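Asks: Here it is, the structure, as structure tokens.
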Amino acid sequence: LVLADLAPVNDAFGGWIHWEETPELLIQQVEVVRGGGSDLYGSSAIGGVIDIVEHPPTLAAGELQLGYGAENTPQASLLESLSRGPWHGLIAGDFFRTDGYTLVAPADRGLIDTPSNVHYQNADMQIERTFGSRGSAFVAGNLLNEARSNGTFIQNNANRLWRYDAGLDWNTTTSSTLKLRAYGVTEHYRQSFSSTAADRNSETLTRLQRVPTDELGGSAQWLRSIGAHFTLLAGADVEDVRATDFENTFFHVPTGFIDTTARQRETGVYGEGILQLANWTITGSVRFDDFKNLDTQQWALAKGALTATPIADREENVGDPRLGVVRRVTSNFSLTASAFRAFRSPTMNELYRTGQVGQQITLANPQLRSERATGWETGVQWAQPSRNAVVRASYFWTEVNRPVTALTIAQTQTTTTLLRENLGQIRSRGVSFDYEIAPRSWISLSGGYQYARATVTRFDQDPSLVGNWIPQVPRNTATAQATLTKKHWGTLAVQTRGTGHEFDDDQNQFLLHSFFRADAYAAHAVSRYVEVFASGENLFDRTIEVGRTPVLTLGTPRLVQGGLRIRWKDEATH
């Protein structure tokens with residue numbers, strides 16, 4: 001689950017993330033909560049929560065960033081914030097385009113393979129009114145316009161999304177705070193698919209899709225401190241999504257259509273208590289969700305015959321508790337433990353829409369049920385504030401029942417057909433280690449390692465899958481970062497990542513080899529307001545395998561870019 005100021009950013013229809021929706025300069029920091037988070041956040045938080053923290057309208061400053069990079073990639077970003085008395089306003093936006101690169105590996109390319117590229121524009125506007133120490137109210141709106149070419153002449157998609165929200169933060173007493181939020185999304189998505197010849201020298205249009213989606217939601221959250229040792233959090237939220245999937249099918253000429261109209265609604269209430277004693281911190285929380293799929297109707301036209309198929313309403317009620325304990329053994333050393341239940345309901349995309357990546361066609365399944373996860377984690381933490389050092393190590397175990405996966409049901413030389421299905425059970429267990437340390441005021445080091453053994457543990461319909469790796473989950477992953485910052489030098493950051501091999505399918509036939517990647521970033525201030533920067537991705541131009549559909553596709557080649565950043569303060573602010 002990805003949030004921005006308590007509102008979900010995940011696509012209302014498909015659950016994926018439009019990372020380009022939020023203007024780059026608007027992001028102040030990103031917070032990550034690992035492990036199941038459904039106890040507070042409901043569906044989609046089964047694997048954790050990412051919170052995008054944006055700059056407030058009270059920033060009273062501006063910034064302009066201009067850049068250009070390889071593959072003909074210009075970009076521009078703007079942020080401006082103004083304040084007048086209790087009123088504050090902010091505008092931000094991005095422009096980005098790139099010619100991109102060809103995804104298909106050189107040995108498999110044909111005449112139809114073209115660079116996969118993207119261009120997008122976004123804009124964000126916020127107005128806030130503060131009421132002294134009592135609180136604030138705001139309204140905000142965001143627009144994303146995006147178009148992509150997906151690697152062939154026919155396969156492309158585009159999206160236009162409007163997001164709007166309003167909120168109130170109010171200090172009801174000196175020890176309690178109330179937060180109210182209301183939000184909505186209107187989205188228009190379209191995509192085209194094709195069938196390619198075995199030699200990839202020709203392709204034929206097979207499907208056109210349009211998916212209009214409307215989302216409305218709201219939440220209330222109340223936080224109160226009771227005495228010096230106890231904090232209580234309570235809240236409720238509701239989200240309603242309505243969408244229609246229009247699909248036109250082709251075989252050289254139009255052959256028919258499949259239109260599906262549907263609605264989803266999730267309502268949840270939750271509470272959390274935090275008890276802090278001398279050397280103990282104990283956190284307990286629980287959430288109850290009511291999730292409904294309703295008002296679903298499907299129309300299909302094939303061979304001149306029109307049929308209407310109603311799909312029965314479905315409802316699930318879910319309870320998700322969580323318990324966490326921290327025991328401070330010394331001023332520097334702590335023991336941690338947590339246990340949780342979490343869930344994720346299938347998206348409308350999984351229930352009703354036919355999807356395609358490369359030549360992998362994934363069929364929808366309106367009978368899918370929610371995933372249910374049970375997990376626990378225990379670990380140790382050592383912290384030395386005087387050295388800005390934190391070291392953590394933990395063991396984790398998570399079991400997911402009825403995980404939604406894509407099962408292979410047919411395969412030809414050019415096409416793989418998959419069906420979304422509730423797999424019996426999967427289990428992930430392993431260890432993780434991470435560190436942050438600043439041995440000097442001008443250098444910081446961070447990194448981590450994870451070993452995760454994620455396999456199928458039960459599937460009665462096809463026992464042969466038991467023991468297989470979960471697709472796209474490597475056993476070994478490691479990262480390392482180093483950042484050097486000095487006033488006269490500027491900033492130099494180097495980041496490396498290594499990942500072990502993994503598989504790209506449920507049957508573990510398509511192997512993706514391990515890889516190593518290095519990135520770097522450098523910036524230098526040429527004056528009080530102006531800074532120049534340069535960056536490089538995949539500096540050693542390693543071949544990184546990212547997919548087999550079943551054609552091998554590759555990750556980003558070496559990319560270098562540079563630019564100019566201008567910052568200023570709003571001198572007129574008062």
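Letters A, B, ... mark the chains of the structure tokens in the order given; residue numbers begin at 1 per chain; ligand numbers begin at 1, in order shown.
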Write out as a ChimeraX atom specification the residues lying within 10 Å of range 398-402 of chain A, counting only C-alpha atoms and excluding same-chain residues fewer than 2 positions away.

Replies: /A:35-36,46-47,339-343,368-377,396,404-405,421-430,454-459

Asks: Output N, CA, C and O atoms for every residue in that selection, as a compact mmCIF listing (two decimals), in the first residue's frame.

Replies:
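This is the output file selection.txt:
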```txt
# COMPACT_ATOMS: atom_id res chain seq x y z
N GLY A 35 6.41 -5.49 6.68
CA GLY A 35 5.52 -6.48 7.27
C GLY A 35 4.06 -6.09 7.10
O GLY A 35 3.73 -4.98 6.68
N GLY A 36 3.18 -7.03 7.41
CA GLY A 36 1.76 -6.79 7.22
C GLY A 36 1.27 -5.57 8.00
O GLY A 36 1.53 -5.43 9.19
N ILE A 46 -0.79 -5.84 2.88
CA ILE A 46 -0.38 -7.18 3.28
C ILE A 46 1.14 -7.32 3.31
O ILE A 46 1.68 -8.11 4.09
N GLY A 47 1.86 -6.57 2.47
CA GLY A 47 3.31 -6.67 2.44
C GLY A 47 4.03 -5.47 3.01
O GLY A 47 5.26 -5.40 2.95
N ALA A 339 3.91 -9.91 15.70
CA ALA A 339 3.11 -10.93 15.03
C ALA A 339 1.88 -10.24 14.44
O ALA A 339 1.38 -9.27 15.02
N PHE A 340 1.39 -10.73 13.29
CA PHE A 340 0.30 -10.03 12.62
C PHE A 340 -0.53 -10.97 11.78
O PHE A 340 -0.11 -12.07 11.41
N ARG A 341 -1.73 -10.51 11.46
CA ARG A 341 -2.58 -11.04 10.40
C ARG A 341 -2.81 -9.91 9.41
O ARG A 341 -2.94 -8.74 9.80
N ALA A 342 -2.90 -10.24 8.12
CA ALA A 342 -3.12 -9.22 7.10
C ALA A 342 -3.87 -9.84 5.93
O ALA A 342 -3.95 -11.07 5.80
N PHE A 343 -4.44 -8.99 5.06
CA PHE A 343 -5.18 -9.51 3.91
C PHE A 343 -5.06 -8.55 2.73
O PHE A 343 -4.67 -7.39 2.88
N LEU A 368 -12.26 -14.97 -7.69
CA LEU A 368 -11.12 -14.86 -6.77
C LEU A 368 -11.59 -14.42 -5.38
O LEU A 368 -12.51 -13.61 -5.23
N ARG A 369 -10.91 -14.93 -4.36
CA ARG A 369 -11.15 -14.52 -2.98
C ARG A 369 -9.91 -13.82 -2.43
O ARG A 369 -8.84 -13.85 -3.04
N SER A 370 -10.05 -13.21 -1.28
CA SER A 370 -8.95 -12.42 -0.73
C SER A 370 -7.81 -13.30 -0.24
O SER A 370 -8.00 -14.46 0.16
N GLU A 371 -6.60 -12.74 -0.29
CA GLU A 371 -5.43 -13.37 0.28
C GLU A 371 -5.41 -13.13 1.80
O GLU A 371 -5.78 -12.05 2.25
N ARG A 372 -4.95 -14.12 2.56
CA ARG A 372 -4.84 -13.97 4.01
C ARG A 372 -3.42 -14.35 4.44
O ARG A 372 -2.95 -15.44 4.09
N ALA A 373 -2.78 -13.46 5.18
CA ALA A 373 -1.40 -13.68 5.60
C ALA A 373 -1.31 -13.74 7.12
O ALA A 373 -1.98 -12.99 7.83
N THR A 374 -0.45 -14.62 7.61
CA THR A 374 -0.10 -14.70 9.02
C THR A 374 1.42 -14.68 9.11
O THR A 374 2.09 -15.44 8.39
N GLY A 375 1.96 -13.84 9.98
CA GLY A 375 3.41 -13.76 10.04
C GLY A 375 3.92 -13.27 11.38
O GLY A 375 3.17 -12.74 12.20
N TRP A 376 5.21 -13.48 11.58
CA TRP A 376 5.87 -12.95 12.77
C TRP A 376 7.32 -12.65 12.43
O TRP A 376 7.87 -13.13 11.45
N GLU A 377 7.91 -11.79 13.26
CA GLU A 377 9.29 -11.36 13.06
C GLU A 377 9.91 -11.10 14.42
O GLU A 377 9.26 -10.57 15.32
N PHE A 396 12.28 -13.50 9.84
CA PHE A 396 10.86 -13.31 9.54
C PHE A 396 10.26 -14.61 8.99
O PHE A 396 10.96 -15.43 8.39
N VAL A 404 -3.25 -14.74 -4.68
CA VAL A 404 -3.67 -14.58 -6.07
C VAL A 404 -2.43 -14.64 -6.95
O VAL A 404 -1.50 -13.84 -6.80
N THR A 405 -2.43 -15.59 -7.87
CA THR A 405 -1.28 -15.78 -8.74
C THR A 405 -1.76 -16.03 -10.16
O THR A 405 -2.96 -16.19 -10.41
N GLU A 421 -5.66 -17.16 -10.33
CA GLU A 421 -6.24 -18.20 -9.49
C GLU A 421 -5.75 -18.03 -8.07
O GLU A 421 -4.66 -17.48 -7.83
N ASN A 422 -6.55 -18.48 -7.10
CA ASN A 422 -6.10 -18.54 -5.72
C ASN A 422 -5.26 -19.80 -5.52
O ASN A 422 -5.79 -20.91 -5.53
N LEU A 423 -3.95 -19.61 -5.40
CA LEU A 423 -3.07 -20.73 -5.11
C LEU A 423 -3.34 -21.20 -3.68
O LEU A 423 -3.86 -20.45 -2.86
N GLY A 424 -2.99 -22.43 -3.36
CA GLY A 424 -3.30 -22.95 -2.03
C GLY A 424 -2.62 -22.20 -0.90
O GLY A 424 -3.27 -21.61 -0.03
N GLN A 425 -1.27 -22.19 -0.92
CA GLN A 425 -0.55 -21.57 0.18
C GLN A 425 0.90 -21.34 -0.23
O GLN A 425 1.50 -22.16 -0.93
N ILE A 426 1.45 -20.21 0.19
CA ILE A 426 2.88 -19.94 0.00
C ILE A 426 3.47 -19.54 1.34
O ILE A 426 2.76 -19.07 2.24
N ARG A 427 4.76 -19.73 1.47
CA ARG A 427 5.44 -19.39 2.72
C ARG A 427 6.76 -18.71 2.40
O ARG A 427 7.50 -19.15 1.51
N SER A 428 7.04 -17.63 3.12
CA SER A 428 8.30 -16.90 2.98
C SER A 428 8.95 -16.79 4.34
O SER A 428 8.33 -16.35 5.30
N ARG A 429 10.20 -17.21 4.42
CA ARG A 429 10.93 -17.08 5.67
C ARG A 429 12.39 -16.79 5.35
O ARG A 429 12.90 -17.16 4.30
N GLY A 430 13.05 -16.09 6.28
CA GLY A 430 14.42 -15.73 6.02
C GLY A 430 14.96 -14.76 7.04
O GLY A 430 14.37 -14.54 8.10
N ALA A 454 11.07 -18.21 -0.42
CA ALA A 454 9.63 -18.08 -0.69
C ALA A 454 9.22 -19.18 -1.66
O ALA A 454 9.66 -19.19 -2.82
N THR A 455 8.38 -20.10 -1.19
CA THR A 455 8.00 -21.26 -2.00
C THR A 455 6.52 -21.57 -1.85
O THR A 455 5.86 -21.14 -0.91
N VAL A 456 6.01 -22.36 -2.80
CA VAL A 456 4.65 -22.89 -2.71
C VAL A 456 4.66 -24.05 -1.73
O VAL A 456 5.47 -24.97 -1.85
N THR A 457 3.77 -24.03 -0.76
CA THR A 457 3.72 -25.09 0.25
C THR A 457 2.46 -25.96 0.13
O THR A 457 2.41 -27.04 0.71
N ARG A 458 1.44 -25.48 -0.61
CA ARG A 458 0.26 -26.32 -0.82
C ARG A 458 -0.53 -25.85 -2.02
O ARG A 458 -0.73 -24.66 -2.20
N PHE A 459 -0.94 -26.79 -2.87
CA PHE A 459 -1.85 -26.49 -3.97
C PHE A 459 -2.48 -27.81 -4.41
O PHE A 459 -1.89 -28.55 -5.19
```

Asks: Need the shell around Asn508 in chain A: protein/DNA/RNA residues with any atom at most 8 Å away, counting only C-alpha atoms. Skip same-chain ones fewer than 2 positions apart. Format as JSON, numbers by chain?

Replies: {"A": [468, 469, 471, 503, 504, 505, 506, 510, 511]}

Asks: Please save all heavy atoms of the selected residues as a compact mmCIF listing (two decimals), in the first residue's frame.

Replies:
```
# COMPACT_ATOMS: atom_id res chain seq x y z
N ASN A 468 8.02 -25.10 -5.60
CA ASN A 468 8.50 -24.12 -6.57
C ASN A 468 8.73 -22.76 -5.92
O ASN A 468 8.06 -22.38 -4.96
CB ASN A 468 7.49 -23.96 -7.72
CG ASN A 468 7.59 -25.09 -8.72
OD1 ASN A 468 8.31 -26.06 -8.51
ND2 ASN A 468 6.86 -24.97 -9.80
N TRP A 469 9.68 -22.01 -6.49
CA TRP A 469 9.92 -20.64 -6.05
C TRP A 469 8.72 -19.76 -6.43
O TRP A 469 8.09 -19.97 -7.48
CB TRP A 469 11.16 -20.07 -6.69
CG TRP A 469 12.45 -20.67 -6.25
CD1 TRP A 469 12.66 -21.95 -5.79
CD2 TRP A 469 13.73 -20.04 -6.25
NE1 TRP A 469 13.98 -22.15 -5.50
CE2 TRP A 469 14.67 -20.99 -5.77
CE3 TRP A 469 14.18 -18.78 -6.61
CZ2 TRP A 469 16.03 -20.68 -5.64
CZ3 TRP A 469 15.53 -18.48 -6.49
CH2 TRP A 469 16.45 -19.42 -6.01
N PRO A 471 7.33 -16.66 -8.21
CA PRO A 471 7.89 -15.87 -9.31
C PRO A 471 8.37 -14.50 -8.85
O PRO A 471 7.74 -13.84 -8.02
CB PRO A 471 6.71 -15.74 -10.29
CG PRO A 471 5.87 -16.95 -10.01
CD PRO A 471 5.98 -17.18 -8.52
N PHE A 503 12.92 -16.75 -10.79
CA PHE A 503 12.13 -17.28 -11.91
C PHE A 503 10.99 -16.31 -12.23
O PHE A 503 10.51 -15.58 -11.37
CB PHE A 503 11.55 -18.65 -11.56
CG PHE A 503 12.60 -19.72 -11.39
CD1 PHE A 503 13.08 -20.04 -10.13
CD2 PHE A 503 13.11 -20.38 -12.49
CE1 PHE A 503 14.05 -21.01 -9.97
CE2 PHE A 503 14.08 -21.35 -12.35
CZ PHE A 503 14.56 -21.67 -11.08
N ASP A 504 10.54 -16.33 -13.49
CA ASP A 504 9.51 -15.39 -13.94
C ASP A 504 8.18 -16.07 -14.21
O ASP A 504 7.31 -15.48 -14.84
CB ASP A 504 10.00 -14.66 -15.20
CG ASP A 504 9.21 -13.37 -15.45
OD1 ASP A 504 8.77 -12.75 -14.46
OD2 ASP A 504 9.01 -12.99 -16.62
N ASP A 505 8.02 -17.32 -13.73
CA ASP A 505 6.75 -18.02 -13.98
C ASP A 505 6.48 -19.00 -12.85
O ASP A 505 7.37 -19.35 -12.07
CB ASP A 505 6.80 -18.76 -15.32
CG ASP A 505 7.78 -19.91 -15.29
OD1 ASP A 505 8.92 -19.72 -14.82
OD2 ASP A 505 7.42 -21.02 -15.73
N ASP A 506 5.22 -19.44 -12.78
CA ASP A 506 4.81 -20.33 -11.69
C ASP A 506 5.44 -21.72 -11.79
O ASP A 506 5.64 -22.39 -10.77
CB ASP A 506 3.28 -20.46 -11.67
CG ASP A 506 2.75 -21.04 -12.99
OD1 ASP A 506 3.08 -20.48 -14.06
OD2 ASP A 506 2.00 -22.03 -12.96
N PHE A 510 11.27 -20.36 -16.58
CA PHE A 510 11.94 -19.19 -17.15
C PHE A 510 12.85 -18.56 -16.10
O PHE A 510 12.40 -17.87 -15.18
CB PHE A 510 10.92 -18.17 -17.64
CG PHE A 510 10.00 -18.70 -18.71
CD1 PHE A 510 8.64 -18.42 -18.69
CD2 PHE A 510 10.49 -19.49 -19.73
CE1 PHE A 510 7.80 -18.90 -19.66
CE2 PHE A 510 9.66 -19.98 -20.72
CZ PHE A 510 8.31 -19.70 -20.69
N LEU A 511 14.14 -18.80 -16.24
CA LEU A 511 15.14 -18.34 -15.28
C LEU A 511 15.60 -16.93 -15.62
O LEU A 511 15.89 -16.61 -16.78
CB LEU A 511 16.34 -19.29 -15.30
CG LEU A 511 17.54 -18.89 -14.43
CD1 LEU A 511 17.18 -18.97 -12.95
CD2 LEU A 511 18.74 -19.78 -14.76
```

Asks: Near Asp434 in chain A, within 10 Å and counting only C-alpha atoms, which residues show up once chain neighbours fewer than 3 positions away are dropped, as JSON, numbers by chain?

Replies: {"A": [381, 390, 391, 392, 393, 394, 446, 447, 448, 449, 450, 478, 479, 480]}

Asks: For C-alpha atoms, I'd like the residues from the last selection saved as a PDB file, in the first residue's frame.

Replies:
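Saved file selection.pdb follows:
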```
ATOM      1  CA  GLN A 381      18.805  -3.590  17.218  1.00  0.00           C
ATOM      2  CA  VAL A 390      22.000   1.839  13.809  1.00  0.00           C
ATOM      3  CA  VAL A 391      22.374  -1.884  13.091  1.00  0.00           C
ATOM      4  CA  ARG A 392      19.377  -4.238  12.824  1.00  0.00           C
ATOM      5  CA  ALA A 393      19.027  -7.974  12.259  1.00  0.00           C
ATOM      6  CA  SER A 394      15.840 -10.031  12.185  1.00  0.00           C
ATOM      7  CA  SER A 446      24.002   2.356   4.715  1.00  0.00           C
ATOM      8  CA  GLY A 447      22.999  -0.954   3.247  1.00  0.00           C
ATOM      9  CA  GLY A 448      21.509  -4.331   3.897  1.00  0.00           C
ATOM     10  CA  TYR A 449      21.170  -7.990   2.976  1.00  0.00           C
ATOM     11  CA  GLN A 450      18.138 -10.256   2.821  1.00  0.00           C
ATOM     12  CA  ALA A 478      22.067  -6.951  -1.075  1.00  0.00           C
ATOM     13  CA  THR A 479      22.456  -3.179  -1.279  1.00  0.00           C
ATOM     14  CA  ALA A 480      25.107  -0.650  -0.224  1.00  0.00           C
TER      15      ALA A 480
END
```

Asks: Per residue of range 418-528 of chain A within 12 Å of range 558-572 of chain A, record the nearest atom pair and its distance in Å to one decimal, counting only C-alpha atoms, with rows in chain order and ascending residue number, as a tab-separated table.

Replies:
```
residue	atom	partner	partner_atom	distance
A:Arg517	CA	A:Arg558	CA	9.8
A:Ala518	CA	A:Arg558	CA	9.7
A:Asp519	CA	A:Arg558	CA	9.3
A:Ala520	CA	A:Val560	CA	9.5
A:Tyr521	CA	A:Gly562	CA	9.5
A:Ala522	CA	A:Gly562	CA	9.3
A:Ala523	CA	A:Leu564	CA	9.3
A:His524	CA	A:Leu564	CA	9.9
A:Ala525	CA	A:Arg565	CA	9.0
A:Val526	CA	A:Leu564	CA	10.1
A:Ser527	CA	A:Ile566	CA	9.6
A:Arg528	CA	A:Arg567	CA	8.5
```

Asks: May I have the selected residues written with N, CA and C atoms, as an mmCIF file, in the first residue's frame?

Replies:
```cif
data_model
loop_
_atom_site.group_PDB
_atom_site.id
_atom_site.type_symbol
_atom_site.label_atom_id
_atom_site.label_comp_id
_atom_site.auth_asym_id
_atom_site.auth_seq_id
_atom_site.Cartn_x
_atom_site.Cartn_y
_atom_site.Cartn_z
ATOM 1 N N ARG A 517 24.400 -4.085 -10.095
ATOM 2 C CA ARG A 517 24.193 -2.773 -10.705
ATOM 3 C C ARG A 517 24.777 -1.694 -9.794
ATOM 4 N N ALA A 518 25.375 -0.661 -10.406
ATOM 5 C CA ALA A 518 25.942 0.465 -9.672
ATOM 6 C C ALA A 518 25.420 1.769 -10.255
ATOM 7 N N ASP A 519 25.019 2.689 -9.378
ATOM 8 C CA ASP A 519 24.548 4.018 -9.764
ATOM 9 C C ASP A 519 25.363 5.068 -9.002
ATOM 10 N N ALA A 520 25.403 6.276 -9.538
ATOM 11 C CA ALA A 520 26.134 7.357 -8.871
ATOM 12 C C ALA A 520 25.439 8.686 -9.119
ATOM 13 N N TYR A 521 25.620 9.602 -8.163
ATOM 14 C CA TYR A 521 25.034 10.938 -8.258
ATOM 15 C C TYR A 521 26.034 11.933 -7.681
ATOM 16 N N ALA A 522 26.175 13.094 -8.342
ATOM 17 C CA ALA A 522 27.072 14.139 -7.866
ATOM 18 C C ALA A 522 26.403 15.493 -8.064
ATOM 19 N N ALA A 523 26.592 16.392 -7.096
ATOM 20 C CA ALA A 523 26.042 17.747 -7.184
ATOM 21 C C ALA A 523 27.029 18.733 -6.583
ATOM 22 N N HIS A 524 27.072 19.938 -7.148
ATOM 23 C CA HIS A 524 27.987 20.976 -6.666
ATOM 24 C C HIS A 524 27.310 22.337 -6.785
ATOM 25 N N ALA A 525 27.333 23.108 -5.688
ATOM 26 C CA ALA A 525 26.736 24.444 -5.674
ATOM 27 C C ALA A 525 27.707 25.439 -6.281
ATOM 28 N N VAL A 526 27.275 26.117 -7.331
ATOM 29 C CA VAL A 526 28.120 27.122 -7.973
ATOM 30 C C VAL A 526 27.837 28.511 -7.428
ATOM 31 N N SER A 527 26.721 28.669 -6.709
ATOM 32 C CA SER A 527 26.408 29.919 -6.028
ATOM 33 C C SER A 527 25.419 29.608 -4.916
ATOM 34 N N ARG A 528 24.948 30.658 -4.254
ATOM 35 C CA ARG A 528 24.016 30.461 -3.146
ATOM 36 C C ARG A 528 22.718 29.809 -3.609
#
```

Asks: Here is a test: counting only C-alpha atoms, which residue of A:Ala534, A:Leu323, A:Ile409, A:Ile52 is nearest to Thr362 in chain A?

Replies: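 Closest residue, counting only C-alpha atoms: A:Ile409.
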
Asks: Can you list, as a PyMOL selection string, every residue of range 245-457 of chain A that DSSP puts in strand (DSSP E)?

Replies: chain A and resi 245-251+253-276+280-302+305-311+314-328+333-344+355-357+360-363+371-384+389-401+404-411+416-422+425-440+443-457

Asks: Can you build me a table of range 19-61 of chain A residues sitting at most 8 Å from range 92-101 of chain A, with the closest atom pair per residue and its distance in Å to one decimal, using only C-alpha atoms, sorted by chain and residue number, as CSV?

Replies:
```
residue,atom,partner,partner_atom,distance
A:Pro23,CA,A:Gly93,CA,5.1
A:Glu24,CA,A:Asp94,CA,7.1
A:Leu25,CA,A:Ala92,CA,7.3
A:Leu26,CA,A:Ala92,CA,6.5
```

Asks: Any chance you can output those residues with all heavy atoms as a compact mmCIF listing (two decimals), in the first residue's frame?

Replies:
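Result file follows (again-v9.txt):
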```txt
# COMPACT_ATOMS: atom_id res chain seq x y z
N PRO A 23 4.76 15.02 -8.30
CA PRO A 23 5.92 15.81 -8.76
C PRO A 23 7.16 15.51 -7.92
O PRO A 23 7.08 15.41 -6.68
CB PRO A 23 5.45 17.26 -8.58
CG PRO A 23 3.95 17.18 -8.71
CD PRO A 23 3.58 15.88 -8.08
N GLU A 24 8.27 15.36 -8.59
CA GLU A 24 9.52 14.95 -7.92
C GLU A 24 9.91 15.89 -6.78
O GLU A 24 10.26 15.44 -5.68
CB GLU A 24 10.64 14.87 -8.96
CG GLU A 24 11.99 14.50 -8.38
CD GLU A 24 13.08 14.49 -9.43
OE1 GLU A 24 12.74 14.57 -10.63
OE2 GLU A 24 14.26 14.42 -9.06
N LEU A 25 9.86 17.20 -7.02
CA LEU A 25 10.31 18.15 -6.01
C LEU A 25 9.35 18.27 -4.84
O LEU A 25 9.70 18.83 -3.81
CB LEU A 25 10.53 19.53 -6.65
CG LEU A 25 11.59 19.60 -7.75
CD1 LEU A 25 11.70 21.01 -8.30
CD2 LEU A 25 12.94 19.14 -7.21
N LEU A 26 8.13 17.76 -5.00
CA LEU A 26 7.15 17.84 -3.92
C LEU A 26 7.45 16.82 -2.81
O LEU A 26 7.01 17.00 -1.67
CB LEU A 26 5.75 17.58 -4.49
CG LEU A 26 4.56 17.73 -3.54
CD1 LEU A 26 4.50 19.12 -2.95
CD2 LEU A 26 3.26 17.39 -4.27
```

Asks: Of the candidates A:Leu178, A:Val118, A:Val329, A:Ala452, which one gets nearest to Asn279 in chain A if we count only C-alpha atoms?

Replies: A:Val329

Asks: To one decimal in Å, tell me the separation between CA of Asn72 in chain A and CA of Ser116 in chain A.

Replies: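 CA of Ser116 in chain A lies 12.8 Å from CA of Asn72 in chain A.
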
Asks: Go through A:Ser441, A:Thr260, A:Thr102, A:Gln28 and flag the residue nearest Leu554 in chain A, using only C-alpha atoms for the distances.

Replies: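 For Leu554 in chain A, the nearest of the given residues is A:Thr102.
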
Asks: Skip Asp289 in chain A itself and residues of its chain fewer than 4 positions away, then list as a ChimeraX atom specification all residues within 9 Å of it, counting only C-alpha atoms.

Replies: /A:42-43,266-270,316-320

Asks: Produce a file of the selected residues containing all heavy atoms, as a compact mmCIF listing (two decimals), in the first residue's frame.

Replies:
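Final file, part.txt:
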```txt
# COMPACT_ATOMS: atom_id res chain seq x y z
N GLY A 42 -5.78 -1.82 6.26
CA GLY A 42 -6.68 -2.63 5.47
C GLY A 42 -6.03 -3.31 4.29
O GLY A 42 -4.85 -3.66 4.30
N SER A 43 -6.82 -3.51 3.21
CA SER A 43 -6.37 -4.24 2.03
C SER A 43 -5.17 -3.54 1.38
O SER A 43 -5.00 -2.32 1.48
CB SER A 43 -7.51 -4.35 1.03
OG SER A 43 -7.10 -5.09 -0.10
N GLU A 266 -14.92 -0.91 0.32
CA GLU A 266 -14.25 -1.38 1.53
C GLU A 266 -14.52 -0.40 2.67
O GLU A 266 -14.32 0.80 2.53
CB GLU A 266 -12.74 -1.52 1.32
CG GLU A 266 -12.01 -1.99 2.58
CD GLU A 266 -10.50 -2.05 2.41
OE1 GLU A 266 -10.00 -1.62 1.35
OE2 GLU A 266 -9.82 -2.50 3.35
N THR A 267 -14.99 -0.93 3.79
CA THR A 267 -15.24 -0.13 4.98
C THR A 267 -14.48 -0.75 6.14
O THR A 267 -14.54 -1.97 6.35
CB THR A 267 -16.74 -0.09 5.32
OG1 THR A 267 -17.47 0.38 4.18
CG2 THR A 267 -17.01 0.82 6.50
N GLY A 268 -13.76 0.08 6.89
CA GLY A 268 -12.95 -0.45 7.98
C GLY A 268 -12.95 0.43 9.21
O GLY A 268 -13.09 1.66 9.10
N VAL A 269 -12.81 -0.18 10.36
CA VAL A 269 -12.61 0.53 11.63
C VAL A 269 -11.42 -0.10 12.33
O VAL A 269 -11.18 -1.31 12.20
CB VAL A 269 -13.87 0.47 12.53
CG1 VAL A 269 -15.03 1.20 11.89
CG2 VAL A 269 -14.26 -0.98 12.83
N TYR A 270 -10.65 0.72 13.08
CA TYR A 270 -9.44 0.19 13.69
C TYR A 270 -9.12 0.95 14.97
O TYR A 270 -9.62 2.06 15.22
CB TYR A 270 -8.26 0.28 12.72
CG TYR A 270 -7.94 1.67 12.24
CD1 TYR A 270 -7.05 2.50 12.95
CD2 TYR A 270 -8.51 2.18 11.08
CE1 TYR A 270 -6.76 3.78 12.50
CE2 TYR A 270 -8.22 3.45 10.62
CZ TYR A 270 -7.35 4.25 11.34
OH TYR A 270 -7.07 5.52 10.90
N GLU A 316 -16.87 -10.17 2.01
CA GLU A 316 -15.97 -10.80 2.96
C GLU A 316 -15.78 -9.88 4.16
O GLU A 316 -15.65 -8.66 4.01
CB GLU A 316 -14.60 -11.09 2.32
CG GLU A 316 -14.65 -12.13 1.21
CD GLU A 316 -13.25 -12.53 0.75
OE1 GLU A 316 -12.52 -13.12 1.56
OE2 GLU A 316 -12.91 -12.23 -0.40
N ASN A 317 -15.76 -10.47 5.35
CA ASN A 317 -15.49 -9.74 6.58
C ASN A 317 -14.18 -10.26 7.16
O ASN A 317 -14.00 -11.48 7.32
CB ASN A 317 -16.63 -9.92 7.58
CG ASN A 317 -17.92 -9.30 7.08
OD1 ASN A 317 -18.03 -8.09 6.96
ND2 ASN A 317 -18.90 -10.14 6.78
N VAL A 318 -13.28 -9.34 7.46
CA VAL A 318 -11.92 -9.71 7.84
C VAL A 318 -11.52 -8.97 9.12
O VAL A 318 -11.79 -7.78 9.26
CB VAL A 318 -10.91 -9.36 6.72
CG1 VAL A 318 -9.52 -9.88 7.08
CG2 VAL A 318 -11.35 -9.93 5.39
N GLY A 319 -10.88 -9.68 10.03
CA GLY A 319 -10.29 -9.08 11.22
C GLY A 319 -8.79 -9.29 11.22
O GLY A 319 -8.31 -10.41 10.98
N ASP A 320 -8.03 -8.22 11.46
CA ASP A 320 -6.56 -8.29 11.38
C ASP A 320 -5.93 -7.67 12.62
O ASP A 320 -5.90 -6.44 12.76
CB ASP A 320 -6.04 -7.57 10.14
CG ASP A 320 -6.45 -8.26 8.86
OD1 ASP A 320 -6.14 -9.45 8.72
OD2 ASP A 320 -7.09 -7.62 8.01
```
